[in-house]
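Undergrad: Input: one structure, supplied below.
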Amino acid sequence: MVSESKTAAVKHGIKENFGTFSLLLIINLFVGSMVGLERTVLPLVGEQQFALASTSAALSFIVSFGLSKGFVNYFAGQIADRLGRKKVLILGWIIGFFVPLLVIAAHEWWVIVAANVFLGINQALTWSMTVNMKVDLVKANQRGLAIGLNEAAGYVGLSLAAMLSGYVAASYSLRPEPFLLGFVFIAIGLILSLTVRSTEEHLRLQSVQQEKISLKASEIFWLASWRDRNLSSSTLAGIATNLKDGMVWGLLPLFLLMQGLSVEKSGLIIAAYPVAWGCFQLLTGYLSDRVGRKQLIVAGMILQAAAIWWILLSQTFPLWFTGSILLGLGTALVYPTLQAAISDVAQPHMRASIMGVYRFWRDIGYALGAILAGLLTDFINIYWAMGLVALLPLLAGISASVRMKETLLR
């Protein structure tokens, strides 16, 4: 039960919780920066420092990241529903310390792979909690905006770190200099997380205002994975989106180098994708609160496929750069919208658990994308690998247009 005095003090809304909401945005900026450290540099580390001839072997760090992030996402939601968001957020930062430490110290490739297991855990615990905490704070008609702002902050941090690490690598070396930045990001993120206000009272008030339906963990898993058409359509779109991203993460740096571009120019194109992804989410999350979720999801999935084919067919820096921006726009249309759609459907007391199932499947997409891209590159070539993987977001978009219903209640 929430006492009357606490209920009176707790209010939902971005304006009403501006300080806590803003601090969570800054925290997620540094969460995203942890992934950005690797975007430009790590595929090159595998190729140049560890002489990995097989693309599948070179992309194994993305597989370990995706698998660990996916599985921990699932349990993070359940743990957060029981222990609280803030404790899980702090734990995520502590685990993140091992990422730059292992990458810098790595003497064999398996250590890099292990570092990305820790990165996956770090991202699952920290990013998931910033999403859930913001949804706890806001009104129902602000969920798209809140998640869009959260994702924008994370991917702006990712892109800035990708550009910065590429510059540092070009100025000094691939290791250790770019990854020393990771210790700075972790220190700032941890300090801010220790000071942020907990959102448990806001969550309890939402739960009191809505009738509860109790489900077992296994029932929640199958509900989000298959039984509910809206949840499962969102899950499939999430898998396809991150499957595409796993491929882009691993293959785009190699593709651009094959075209004769320098590390600096490649870094600009690579960074344009998450910059566009992050910045456009400032608009797309808000837009989904006004026009609905479904049409943005369908359009975004189709645009992602088209953007990859654009990049493959282009032959100049401006066209590759434009394709990267279009890919970011397509991803921005779906990323906050999918999570807002799930928040529309999920009951407050099960929201983190249901979001955990979605994020489990979505982030398994990283691993599937890296495996598929690596195998196709090894057995055919990089062009066919990128082109065939692009079919999957297209198919998920078509599926959403048929199976999904609008979740936003006006």
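Identifiers for the structure tokens are assigned positionally: chains receive A, B, ... in sequence, residues are indexed from 1 per chain, and ligands are indexed from 1 in the order shown.
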Run DSSP on the backbone and tell me which residues of segment 150-331 of chain A come out as alpha helix (DSSP H); list them as a ChimeraX atom specification.

TA: /A:150-171,177-195,200-208,217-222,229-258,263-291,294-313,317-331

Undergrad: Identify, on the basis of only C-alpha atoms, every residue whose closest approach to segment 317-327 of chain A does not exceed 6 Å; exclude the query and any residue fewer than 2 positions from it along the same chain; express the result as a VMD selection string.

TA: chain A and resid 269 272 to 273 276 304 307 310 to 311 314 329 to 330

Undergrad: So which one's closest to Leu67 of chain A, A:Arg359, A:Arg227, A:Arg82, A:Lys244? Using only C-alpha atoms, please.

TA: A:Arg359

Undergrad: Taking 6 positions as the minimum chain separation for residues in the same chain, which residues sit within 12 Å of Asp245 of chain A when counting only C-alpha atoms? Answer as a PDB file with N, CA, C and O atoms, in the first residue's frame.

TA:
```
ATOM      1  N   ARG A  39      32.915   0.752 -31.469  1.00  0.00           N
ATOM      2  CA  ARG A  39      32.285   0.763 -32.792  1.00  0.00           C
ATOM      3  C   ARG A  39      33.290   0.922 -33.931  1.00  0.00           C
ATOM      4  O   ARG A  39      33.220   0.220 -34.932  1.00  0.00           O
ATOM      5  N   ILE A  62      31.057  -9.517 -30.948  1.00  0.00           N
ATOM      6  CA  ILE A  62      29.675  -9.055 -30.991  1.00  0.00           C
ATOM      7  C   ILE A  62      28.735 -10.165 -30.536  1.00  0.00           C
ATOM      8  O   ILE A  62      27.721  -9.914 -29.872  1.00  0.00           O
ATOM      9  N   VAL A  63      29.067 -11.413 -30.879  1.00  0.00           N
ATOM     10  CA  VAL A  63      28.260 -12.553 -30.445  1.00  0.00           C
ATOM     11  C   VAL A  63      28.236 -12.630 -28.922  1.00  0.00           C
ATOM     12  O   VAL A  63      27.175 -12.780 -28.305  1.00  0.00           O
ATOM     13  N   GLY A  66      26.120  -9.733 -27.548  1.00  0.00           N
ATOM     14  CA  GLY A  66      24.690  -9.904 -27.743  1.00  0.00           C
ATOM     15  C   GLY A  66      24.094 -10.970 -26.853  1.00  0.00           C
ATOM     16  O   GLY A  66      23.014 -10.791 -26.279  1.00  0.00           O
ATOM     17  N   GLY A 238      12.164  -5.982 -32.986  1.00  0.00           N
ATOM     18  CA  GLY A 238      13.369  -5.705 -32.204  1.00  0.00           C
ATOM     19  C   GLY A 238      14.513  -6.631 -32.560  1.00  0.00           C
ATOM     20  O   GLY A 238      15.669  -6.195 -32.686  1.00  0.00           O
ATOM     21  N   ILE A 239      14.219  -7.921 -32.738  1.00  0.00           N
ATOM     22  CA  ILE A 239      15.250  -8.882 -33.134  1.00  0.00           C
ATOM     23  C   ILE A 239      15.853  -8.483 -34.481  1.00  0.00           C
ATOM     24  O   ILE A 239      17.081  -8.440 -34.652  1.00  0.00           O
ATOM     25  N   LEU A 251      30.531  -5.433 -39.917  1.00  0.00           N
ATOM     26  CA  LEU A 251      30.925  -5.424 -41.327  1.00  0.00           C
ATOM     27  C   LEU A 251      31.132  -4.036 -41.919  1.00  0.00           C
ATOM     28  O   LEU A 251      31.930  -3.880 -42.850  1.00  0.00           O
ATOM     29  N   LEU A 252      30.403  -3.022 -41.440  1.00  0.00           N
ATOM     30  CA  LEU A 252      30.531  -1.704 -42.063  1.00  0.00           C
ATOM     31  C   LEU A 252      31.954  -1.150 -42.003  1.00  0.00           C
ATOM     32  O   LEU A 252      32.444  -0.624 -43.019  1.00  0.00           O
ATOM     33  N   ILE A 270      30.632   5.752 -39.965  1.00  0.00           N
ATOM     34  CA  ILE A 270      30.156   4.834 -38.918  1.00  0.00           C
ATOM     35  C   ILE A 270      29.438   5.612 -37.819  1.00  0.00           C
ATOM     36  O   ILE A 270      28.386   5.193 -37.321  1.00  0.00           O
ATOM     37  N   TYR A 273      25.625   7.070 -38.401  1.00  0.00           N
ATOM     38  CA  TYR A 273      24.499   6.165 -38.153  1.00  0.00           C
ATOM     39  C   TYR A 273      23.952   6.305 -36.731  1.00  0.00           C
ATOM     40  O   TYR A 273      22.765   6.620 -36.543  1.00  0.00           O
ATOM     41  N   PRO A 274      24.772   6.125 -35.677  1.00  0.00           N
ATOM     42  CA  PRO A 274      24.208   6.313 -34.329  1.00  0.00           C
ATOM     43  C   PRO A 274      23.882   7.764 -33.997  1.00  0.00           C
ATOM     44  O   PRO A 274      22.988   8.016 -33.174  1.00  0.00           O
ATOM     45  N   TRP A 277      20.535   8.097 -35.496  1.00  0.00           N
ATOM     46  CA  TRP A 277      19.705   7.226 -34.659  1.00  0.00           C
ATOM     47  C   TRP A 277      19.333   7.946 -33.365  1.00  0.00           C
ATOM     48  O   TRP A 277      18.168   7.993 -32.956  1.00  0.00           O
ATOM     49  N   GLN A 304      15.113   0.775 -42.858  1.00  0.00           N
ATOM     50  CA  GLN A 304      16.391   0.166 -42.498  1.00  0.00           C
ATOM     51  C   GLN A 304      16.922  -0.725 -43.622  1.00  0.00           C
ATOM     52  O   GLN A 304      18.108  -0.678 -43.966  1.00  0.00           O
ATOM     53  N   ALA A 305      16.049  -1.547 -44.185  1.00  0.00           N
ATOM     54  CA  ALA A 305      16.459  -2.421 -45.288  1.00  0.00           C
ATOM     55  C   ALA A 305      16.911  -1.596 -46.489  1.00  0.00           C
ATOM     56  O   ALA A 305      17.965  -1.871 -47.086  1.00  0.00           O
ATOM     57  N   ILE A 308      20.466   0.024 -46.097  1.00  0.00           N
ATOM     58  CA  ILE A 308      21.614  -0.887 -46.276  1.00  0.00           C
ATOM     59  C   ILE A 308      21.876  -1.113 -47.760  1.00  0.00           C
ATOM     60  O   ILE A 308      23.030  -1.090 -48.220  1.00  0.00           O
ATOM     61  N   SER A 324      24.191   6.139 -44.263  1.00  0.00           N
ATOM     62  CA  SER A 324      24.343   5.930 -42.826  1.00  0.00           C
ATOM     63  C   SER A 324      23.305   6.729 -42.049  1.00  0.00           C
ATOM     64  O   SER A 324      22.731   6.245 -41.060  1.00  0.00           O
ATOM     65  N   LEU A 327      19.948   5.044 -42.444  1.00  0.00           N
ATOM     66  CA  LEU A 327      19.894   3.861 -41.588  1.00  0.00           C
ATOM     67  C   LEU A 327      19.593   4.267 -40.145  1.00  0.00           C
ATOM     68  O   LEU A 327      18.809   3.607 -39.451  1.00  0.00           O
ATOM     69  N   GLY A 328      20.201   5.373 -39.703  1.00  0.00           N
ATOM     70  CA  GLY A 328      19.915   5.873 -38.361  1.00  0.00           C
ATOM     71  C   GLY A 328      18.486   6.332 -38.212  1.00  0.00           C
ATOM     72  O   GLY A 328      17.841   6.089 -37.182  1.00  0.00           O
ATOM     73  N   GLY A 330      15.847   5.219 -39.945  1.00  0.00           N
ATOM     74  CA  GLY A 330      14.995   4.027 -39.908  1.00  0.00           C
ATOM     75  C   GLY A 330      14.996   3.368 -38.539  1.00  0.00           C
ATOM     76  O   GLY A 330      13.949   2.948 -38.029  1.00  0.00           O
ATOM     77  N   THR A 331      16.178   3.296 -37.930  1.00  0.00           N
ATOM     78  CA  THR A 331      16.286   2.697 -36.605  1.00  0.00           C
ATOM     79  C   THR A 331      15.608   3.573 -35.560  1.00  0.00           C
ATOM     80  O   THR A 331      14.956   3.068 -34.641  1.00  0.00           O
ATOM     81  N   TYR A 335      13.041   2.267 -32.612  1.00  0.00           N
ATOM     82  CA  TYR A 335      13.655   1.909 -31.334  1.00  0.00           C
ATOM     83  C   TYR A 335      12.863   2.397 -30.125  1.00  0.00           C
ATOM     84  O   TYR A 335      12.509   1.600 -29.261  1.00  0.00           O
ATOM     85  N   ARG A 362      15.453  -9.009 -28.364  1.00  0.00           N
ATOM     86  CA  ARG A 362      16.021  -7.964 -29.219  1.00  0.00           C
ATOM     87  C   ARG A 362      17.538  -8.026 -29.257  1.00  0.00           C
ATOM     88  O   ARG A 362      18.155  -7.946 -30.323  1.00  0.00           O
ATOM     89  N   ASP A 363      18.166  -8.188 -28.093  1.00  0.00           N
ATOM     90  CA  ASP A 363      19.624  -8.140 -28.044  1.00  0.00           C
ATOM     91  C   ASP A 363      20.282  -9.456 -28.416  1.00  0.00           C
ATOM     92  O   ASP A 363      21.469  -9.485 -28.746  1.00  0.00           O
ATOM     93  N   ILE A 364      19.525 -10.557 -28.391  1.00  0.00           N
ATOM     94  CA  ILE A 364      20.023 -11.787 -29.006  1.00  0.00           C
ATOM     95  C   ILE A 364      20.247 -11.536 -30.498  1.00  0.00           C
ATOM     96  O   ILE A 364      21.083 -12.169 -31.137  1.00  0.00           O
ATOM     97  N   GLY A 365      19.497 -10.577 -31.042  1.00  0.00           N
ATOM     98  CA  GLY A 365      19.679 -10.199 -32.444  1.00  0.00           C
ATOM     99  C   GLY A 365      21.097  -9.777 -32.765  1.00  0.00           C
ATOM    100  O   GLY A 365      21.584 -10.015 -33.883  1.00  0.00           O
ATOM    101  N   TYR A 366      21.794  -9.117 -31.823  1.00  0.00           N
ATOM    102  CA  TYR A 366      23.202  -8.771 -32.047  1.00  0.00           C
ATOM    103  C   TYR A 366      24.018 -10.016 -32.389  1.00  0.00           C
ATOM    104  O   TYR A 366      24.793 -10.028 -33.358  1.00  0.00           O
ATOM    105  N   ALA A 367      23.852 -11.042 -31.567  1.00  0.00           N
ATOM    106  CA  ALA A 367      24.610 -12.277 -31.764  1.00  0.00           C
ATOM    107  C   ALA A 367      24.229 -12.954 -33.074  1.00  0.00           C
ATOM    108  O   ALA A 367      25.103 -13.386 -33.845  1.00  0.00           O
ATOM    109  N   LEU A 368      22.918 -13.040 -33.336  1.00  0.00           N
ATOM    110  CA  LEU A 368      22.470 -13.676 -34.570  1.00  0.00           C
ATOM    111  C   LEU A 368      22.969 -12.919 -35.795  1.00  0.00           C
ATOM    112  O   LEU A 368      23.381 -13.524 -36.797  1.00  0.00           O
ATOM    113  N   GLY A 369      22.954 -11.586 -35.722  1.00  0.00           N
ATOM    114  CA  GLY A 369      23.436 -10.780 -36.835  1.00  0.00           C
ATOM    115  C   GLY A 369      24.907 -10.977 -37.091  1.00  0.00           C
ATOM    116  O   GLY A 369      25.350 -11.084 -38.247  1.00  0.00           O
ATOM    117  N   ALA A 370      25.701 -11.025 -36.018  1.00  0.00           N
ATOM    118  CA  ALA A 370      27.145 -11.221 -36.178  1.00  0.00           C
ATOM    119  C   ALA A 370      27.462 -12.609 -36.729  1.00  0.00           C
ATOM    120  O   ALA A 370      28.321 -12.765 -37.601  1.00  0.00           O
ATOM    121  N   LEU A 372      25.415 -14.624 -38.505  1.00  0.00           N
ATOM    122  CA  LEU A 372      24.939 -14.714 -39.884  1.00  0.00           C
ATOM    123  C   LEU A 372      25.832 -13.919 -40.831  1.00  0.00           C
ATOM    124  O   LEU A 372      26.204 -14.415 -41.912  1.00  0.00           O
ATOM    125  N   ALA A 373      26.195 -12.700 -40.435  1.00  0.00           N
ATOM    126  CA  ALA A 373      27.048 -11.865 -41.276  1.00  0.00           C
ATOM    127  C   ALA A 373      28.417 -12.503 -41.470  1.00  0.00           C
ATOM    128  O   ALA A 373      28.973 -12.492 -42.574  1.00  0.00           O
ATOM    129  N   MET A 386      25.786  -8.365 -46.386  1.00  0.00           N
ATOM    130  CA  MET A 386      25.047  -7.160 -46.007  1.00  0.00           C
ATOM    131  C   MET A 386      23.688  -7.107 -46.710  1.00  0.00           C
ATOM    132  O   MET A 386      22.674  -6.751 -46.104  1.00  0.00           O
ATOM    133  N   VAL A 389      21.187  -9.852 -45.180  1.00  0.00           N
ATOM    134  CA  VAL A 389      20.752  -9.508 -43.819  1.00  0.00           C
ATOM    135  C   VAL A 389      19.708  -8.392 -43.859  1.00  0.00           C
ATOM    136  O   VAL A 389      18.783  -8.353 -43.033  1.00  0.00           O
ATOM    137  N   ALA A 390      19.807  -7.499 -44.845  1.00  0.00           N
ATOM    138  CA  ALA A 390      18.852  -6.401 -44.966  1.00  0.00           C
ATOM    139  C   ALA A 390      17.427  -6.878 -45.238  1.00  0.00           C
ATOM    140  O   ALA A 390      16.460  -6.140 -44.998  1.00  0.00           O
ATOM    141  N   LEU A 392      15.831  -9.086 -43.591  1.00  0.00           N
ATOM    142  CA  LEU A 392      15.138  -9.439 -42.351  1.00  0.00           C
ATOM    143  C   LEU A 392      14.354  -8.271 -41.755  1.00  0.00           C
ATOM    144  O   LEU A 392      13.204  -8.456 -41.334  1.00  0.00           O
ATOM    145  N   PRO A 393      14.903  -7.044 -41.679  1.00  0.00           N
ATOM    146  CA  PRO A 393      14.051  -5.925 -41.235  1.00  0.00           C
ATOM    147  C   PRO A 393      12.849  -5.705 -42.151  1.00  0.00           C
ATOM    148  O   PRO A 393      11.755  -5.371 -41.668  1.00  0.00           O
TER     149      PRO A 393
END
```

Undergrad: Measuring atom to atom with only C-alpha atoms, identify which of A:Lys134, A:Arg204, A:His107, A:Arg290 is nearest to Val10 of chain A.

TA: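 Ranking A:Lys134, A:Arg204, A:His107, A:Arg290 by distance to Val10 of chain A, first place goes to A:Arg204.
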
Undergrad: Atom CA of Ile342 of chain A to atom CA of Leu125 of chain A: how many Å, to one decimal?

TA: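 Separating atom CA of Ile342 of chain A from atom CA of Leu125 of chain A is a distance of 18.6 Å.
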
Undergrad: Taking only C-alpha atoms into account, produce a table as a Markdown table in which each residue of segment 72-147 of chain A with an atom at most 7 Å from an atom of segment 173-187 of chain A appears once, together with its shortest atom pair and the distance in Å to one decimal, ordered by chain and rising number.

TA:
```
| residue | atom | partner | partner_atom | distance |
| --- | --- | --- | --- | --- |
| A:Trp93 | CA | A:Ile186 | CA | 6.2 |
| A:Gly96 | CA | A:Ile186 | CA | 6.8 |
| A:Phe97 | CA | A:Ile186 | CA | 6.5 |
| A:Pro100 | CA | A:Phe179 | CA | 5.5 |
| A:Ile104 | CA | A:Pro176 | CA | 5.2 |
```

Undergrad: Show me, as a list in words, the residues that have an atom within 7 Å of Ala161 of chain A when counting only C-alpha atoms, minus same-chain residues fewer than 6 positions from it.

TA: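 Within the cut-off, the hits are Ser33, Gly36 and Leu37 of chain A.
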
Undergrad: So that I have them on file, write out the residues from the current selection with N, CA, C and O atoms, as an mmCIF file, in the first residue's frame.

TA:
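Dumped everything to result-v6.cif:
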```
data_model
loop_
_atom_site.group_PDB
_atom_site.id
_atom_site.type_symbol
_atom_site.label_atom_id
_atom_site.label_comp_id
_atom_site.auth_asym_id
_atom_site.auth_seq_id
_atom_site.Cartn_x
_atom_site.Cartn_y
_atom_site.Cartn_z
ATOM 1 N N SER A 33 28.131 5.591 -24.322
ATOM 2 C CA SER A 33 29.539 5.824 -24.637
ATOM 3 C C SER A 33 30.388 4.566 -24.464
ATOM 4 O O SER A 33 31.380 4.383 -25.176
ATOM 5 N N GLY A 36 30.123 2.839 -27.698
ATOM 6 C CA GLY A 36 30.763 3.630 -28.746
ATOM 7 C C GLY A 36 32.265 3.473 -28.797
ATOM 8 O O GLY A 36 32.867 3.614 -29.870
ATOM 9 N N LEU A 37 32.885 3.176 -27.663
ATOM 10 C CA LEU A 37 34.332 2.954 -27.648
ATOM 11 C C LEU A 37 34.763 1.888 -28.647
ATOM 12 O O LEU A 37 35.857 1.955 -29.210
#
```
